[in-house]
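The structure under discussion appears below in the form of structure tokens.
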Amino acid sequence: MTKGSESDDERGQRARLADLRQELLAPADAIVGYAEILSEDAGRLELREALPDIDRLSAAAVDLQRLVRAVLDPEGPVLAADRLRHDLRNPLNGICGYAEMLLEDIDACGGAVLREDIERLLTESAEFLARIDAIVDFTSGDTARTGDAGGRHLLVRLPQPVVNERQPPLPGTVLVVDDNISNRGLLTRRLSREGHRAIAVESGLRALRLLECEEVDLILLDVMMPDLDGFQVLQRLKADERFREIPVIMISGLRETESVIHCIEAGAEDYLPKPFNSVLLRARINASLERKRWHDRERRYIARIEAEKDKSESLLRNILPGQIIWRLNNGEAVIADRVDEATVLFCDLVGFTRIASRMTALDLIHRLNSIFSEFDALTHALGVEKIKTIGDAYMAVAGLPEVRPDHAETAAELALGMLAALERVNATSPIRFQVRIGMHTGTVVAGIIGTHKFIYDVWGDTVNIASRLETGSAPGRIQVSEETRAKLAHRYQFERRGVIKLRGRGRAVTWFLTGRKADAPAPLLTG
């Protein structure tokens, strides 16, 4: 063979390329031709509503024709098979999409005469789609597969739905991520027609930045993009708890099963190949949005249940000690505890009935609430358990339900704090209040009473003595028993009152607690 002559293989390759050019350029040229006819007829008939979609369809047809010529150029660059499939399907996607939208609207805008040419254009598009794999296999050197390429990827067109039978769209905000401007324009146009709010960006990085400040209901994500491909964007979305619940539908020219599996395993809601069928696209978008809405509704219900649960637990914590709530939640039906040593405190407003007769009901409740709220803050800060209020009386116990060795000291601090708090309230009140306080230390029994409007209560001789000490105390004074004074003598100052008679208890030595010793440190607050 002389220099410059062709081998049999080279001649065969050139012949096959010529045949393939003839086979593939024919439908591409036909698509351009039908697009030109549609544009001319629409202009002649003044179908202004249809012209924008026809212009977009024509531009996509020219792009397809140019790309086919470039791919079949023997001197042109060799593209990777996946990239080639993707690039060929992009303009075809725009052609089919705009043509299908025209079919849906053409009768309504008075252009029924264009229907036949639109359908012919779609037929040529289907023929071209069936041959895409033949182009890819030929340019990559795998000519053995070209024989059945047309039969394996035929476009099956679903019948157009009757307009009055279409399900109403579920409006949502949809983010379109695609580096191809035609695809972005087509998807945005179709989404708007379906009643959705569409946002389009050209790259994965732009999409991730947009999600930082924009809430979306669904993402349509192209697989092959220059900066971050669709797989990488999908992985980042699913790794971020802020975005992982947003459904993602992958849209790509890649049809390999491995690509679909990869996307679904990475968390994609669905996968649509280009060019997508408009009916299938609508169905999958609506299905994804419906699932998203059910998920959001479920999340709101759960949040509402959690809020109601927190509200109930907060209310319960205002009624019962935290430890008692924990025991009830863990199945204890009957709670009754014997506490060997605790300090019980009673505080009662002096002359309350007389004062109440001079005030309106609203003023009385407001003033009483101000006083008892101050007392509640003290019990919380000191870790003393408020048991209940009985009219104008306030009862608290230090040393239960959790046993603590400093129960007498904390009860003493509560009593002294109550006198100081009352002075603060009196400073803003035209009527001055006074209290009597009594304290006693000893054994008590504590537990839950009743099943309806139940309370945590305390019983025993210690409770009765503390109540008698309060009744026999003097206004503005804290009367304590000998047992309580013995617990506090190392840190607090007392004034001996002497022997008094306690109703139902007989004679007893009592003391007035006057304050903390100068060298005694203040107790640590627990609230």
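By order in the structure tokens, chains are A, B, ...; within a chain, residues start at 1; ligands start at 1, following the order shown.
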
**Request:** Fewer than 4 positions away in the same chain doesn't count, so skip those; otherwise give me all residues within 7 Å of A:Ala198, counting only C-alpha atoms, as a list in words.
**Result:**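 In the requested form, the answer reads Thr173, Val174, Leu175, Thr188, Leu191 and Ser192 of chain A.
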
Can you tell me, as a JSON list (two decimals) with N, CA and C atoms, in the first residue's frame, what residues are no more than 10 Å from A:Pro226 when counting only C-alpha atoms, ignoring any on the same chain fewer than 2 positions away?
[["chain", "number", "residue", "atom", "x", "y", "z"],
["A", 178, "ASP", "N", -29.24, 23.77, 36.65],
["A", 178, "ASP", "CA", -28.81, 23.19, 35.37],
["A", 178, "ASP", "C", -27.88, 24.20, 34.69],
["A", 179, "ASP", "N", -26.77, 23.72, 34.17],
["A", 179, "ASP", "CA", -25.83, 24.63, 33.52],
["A", 179, "ASP", "C", -26.25, 25.01, 32.10],
["A", 202, "GLU", "N", -27.41, 28.34, 37.58],
["A", 202, "GLU", "CA", -26.65, 27.61, 36.57],
["A", 202, "GLU", "C", -25.58, 26.70, 37.13],
["A", 203, "SER", "N", -25.44, 26.62, 38.45],
["A", 203, "SER", "CA", -24.36, 25.78, 38.99],
["A", 203, "SER", "C", -24.73, 25.27, 40.38],
["A", 204, "GLY", "N", -24.04, 24.19, 40.78],
["A", 204, "GLY", "CA", -24.25, 23.62, 42.11],
["A", 204, "GLY", "C", -23.85, 24.57, 43.22],
["A", 223, "VAL", "N", -27.33, 16.38, 36.57],
["A", 223, "VAL", "CA", -26.22, 15.55, 37.05],
["A", 223, "VAL", "C", -24.88, 16.12, 36.60],
["A", 224, "MET", "N", -24.76, 16.46, 35.33],
["A", 224, "MET", "CA", -23.47, 16.87, 34.79],
["A", 224, "MET", "C", -23.38, 18.40, 34.73],
["A", 228, "LEU", "N", -19.54, 21.79, 40.52],
["A", 228, "LEU", "CA", -19.92, 20.61, 41.30],
["A", 228, "LEU", "C", -20.93, 19.82, 40.49],
["A", 229, "ASP", "N", -20.69, 18.53, 40.30],
["A", 229, "ASP", "CA", -21.69, 17.77, 39.57],
["A", 229, "ASP", "C", -22.88, 17.47, 40.49],
["A", 230, "GLY", "N", -23.96, 16.97, 39.89],
["A", 230, "GLY", "CA", -25.18, 16.74, 40.65],
["A", 230, "GLY", "C", -25.00, 15.78, 41.81]]

**Item:** alpha helix (DSSP H) positions in stretch 204-416 of chain A, given as a count of residues only
**Value:** 114

**Prompt:** Between A:Ile219, A:Ile302, A:Ala70, A:Ala50, which one has atoms that come closest to A:Leu114, using only C-alpha atoms?
**Reply:** A:Ala50

**Request:** Find the spatial neighbours of A:Leu102, counting only C-alpha atoms, within a cut-off of 8 Å - ignore same-chain residues fewer than 3 positions away - and output them as a PyMOL selection string.
**Result:** chain A and resi 50+53-54+98-99+105-106+118

Output N, CA and C atoms of each residue in that selection to a file, as a CSV table (one decimal), in the first residue's frame.
chain,number,residue,atom,x,y,z
A,50,ALA,N,-48.1,32.2,21.1
A,50,ALA,CA,-47.4,31.0,20.8
A,50,ALA,C,-45.9,31.3,20.3
A,53,ASP,N,-42.6,30.6,22.6
A,53,ASP,CA,-42.3,29.2,22.8
A,53,ASP,C,-41.7,28.6,21.4
A,54,ILE,N,-42.3,29.1,20.3
A,54,ILE,CA,-41.8,28.7,19.0
A,54,ILE,C,-40.4,29.2,18.8
A,98,TYR,N,-40.9,22.4,24.7
A,98,TYR,CA,-41.7,23.5,24.2
A,98,TYR,C,-42.7,23.0,23.2
A,99,ALA,N,-42.4,22.0,22.5
A,99,ALA,CA,-43.4,21.4,21.5
A,99,ALA,C,-44.6,20.9,22.3
A,105,ASP,N,-51.5,24.2,24.4
A,105,ASP,CA,-52.2,25.5,24.3
A,105,ASP,C,-52.6,25.9,22.9
A,106,ILE,N,-52.2,25.2,21.9
A,106,ILE,CA,-52.4,25.7,20.6
A,106,ILE,C,-53.9,25.9,20.2
A,118,ILE,N,-46.5,20.4,14.6
A,118,ILE,CA,-45.9,20.2,15.9
A,118,ILE,C,-45.8,18.7,16.2

Write out as CSV the residues of stretch 438-520 of chain A that have any atom within 12 Å of an atom of stretch 382-400 of chain A, one row each with the nearest atom pair and its distance in Å to one decimal, counting only C-alpha atoms, sorted by chain and then rising number.
residue,atom,partner,partner_atom,distance
A:Gly438,CA,A:Met395,CA,10.0
A:Met439,CA,A:Val397,CA,9.4
A:His440,CA,A:Val397,CA,9.9
A:Thr441,CA,A:Ala398,CA,9.4
A:Gly442,CA,A:Gly399,CA,10.4
A:Thr443,CA,A:Gly399,CA,10.4
A:Val444,CA,A:Leu400,CA,9.3
A:Val445,CA,A:Leu400,CA,9.8
A:Ala446,CA,A:Leu400,CA,8.1
A:Gly447,CA,A:Leu400,CA,10.4
A:Ile448,CA,A:Ile387,CA,11.3
A:Phe454,CA,A:Lys388,CA,11.8
A:Ile455,CA,A:Ile387,CA,8.3
A:Tyr456,CA,A:Ile387,CA,6.7
A:Asp457,CA,A:Ile387,CA,6.2
A:Val458,CA,A:Ile387,CA,7.7
A:Trp459,CA,A:Val397,CA,11.1
A:Thr462,CA,A:Val397,CA,10.6
A:Val463,CA,A:Val397,CA,9.3
A:Asn464,CA,A:Met395,CA,11.7
A:Ala466,CA,A:Met395,CA,9.7
A:Ser467,CA,A:Met395,CA,9.0
A:Glu470,CA,A:Ala393,CA,9.9
A:Thr471,CA,A:Ala393,CA,10.6

Take the residues from that selection and write them out as a PDB file, in the first residue's frame, keeping C-alpha atoms.
ATOM      1  CA  GLY A 438     -43.327  29.621 112.335  1.00  0.00           C
ATOM      2  CA  MET A 439     -40.726  26.832 111.809  1.00  0.00           C
ATOM      3  CA  HIS A 440     -40.177  23.385 113.289  1.00  0.00           C
ATOM      4  CA  THR A 441     -37.745  20.533 112.507  1.00  0.00           C
ATOM      5  CA  GLY A 442     -38.568  16.825 112.713  1.00  0.00           C
ATOM      6  CA  THR A 443     -39.871  13.725 110.943  1.00  0.00           C
ATOM      7  CA  VAL A 444     -42.511  14.043 108.222  1.00  0.00           C
ATOM      8  CA  VAL A 445     -44.417  11.842 105.776  1.00  0.00           C
ATOM      9  CA  ALA A 446     -44.768  13.155 102.223  1.00  0.00           C
ATOM     10  CA  GLY A 447     -46.669  11.850  99.192  1.00  0.00           C
ATOM     11  CA  ILE A 448     -49.427  12.244  96.617  1.00  0.00           C
ATOM     12  CA  PHE A 454     -53.938  15.757  93.227  1.00  0.00           C
ATOM     13  CA  ILE A 455     -51.204  17.521  95.169  1.00  0.00           C
ATOM     14  CA  TYR A 456     -47.922  16.688  96.826  1.00  0.00           C
ATOM     15  CA  ASP A 457     -48.524  17.125 100.552  1.00  0.00           C
ATOM     16  CA  VAL A 458     -46.784  16.647 103.918  1.00  0.00           C
ATOM     17  CA  TRP A 459     -48.169  15.186 107.182  1.00  0.00           C
ATOM     18  CA  THR A 462     -43.794  18.288 112.743  1.00  0.00           C
ATOM     19  CA  VAL A 463     -46.319  19.934 110.421  1.00  0.00           C
ATOM     20  CA  ASN A 464     -48.792  20.530 113.251  1.00  0.00           C
ATOM     21  CA  ALA A 466     -44.875  24.405 112.756  1.00  0.00           C
ATOM     22  CA  SER A 467     -48.458  25.551 112.145  1.00  0.00           C
ATOM     23  CA  GLU A 470     -46.868  30.389 113.171  1.00  0.00           C
ATOM     24  CA  THR A 471     -50.244  31.002 114.801  1.00  0.00           C
TER      25      THR A 471
END

**Separation of atom CA of A:Arg282 from atom CA of A:Pro171, in Å and rounded to one decimal** =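 These atoms are spaced 11.7 Å apart.
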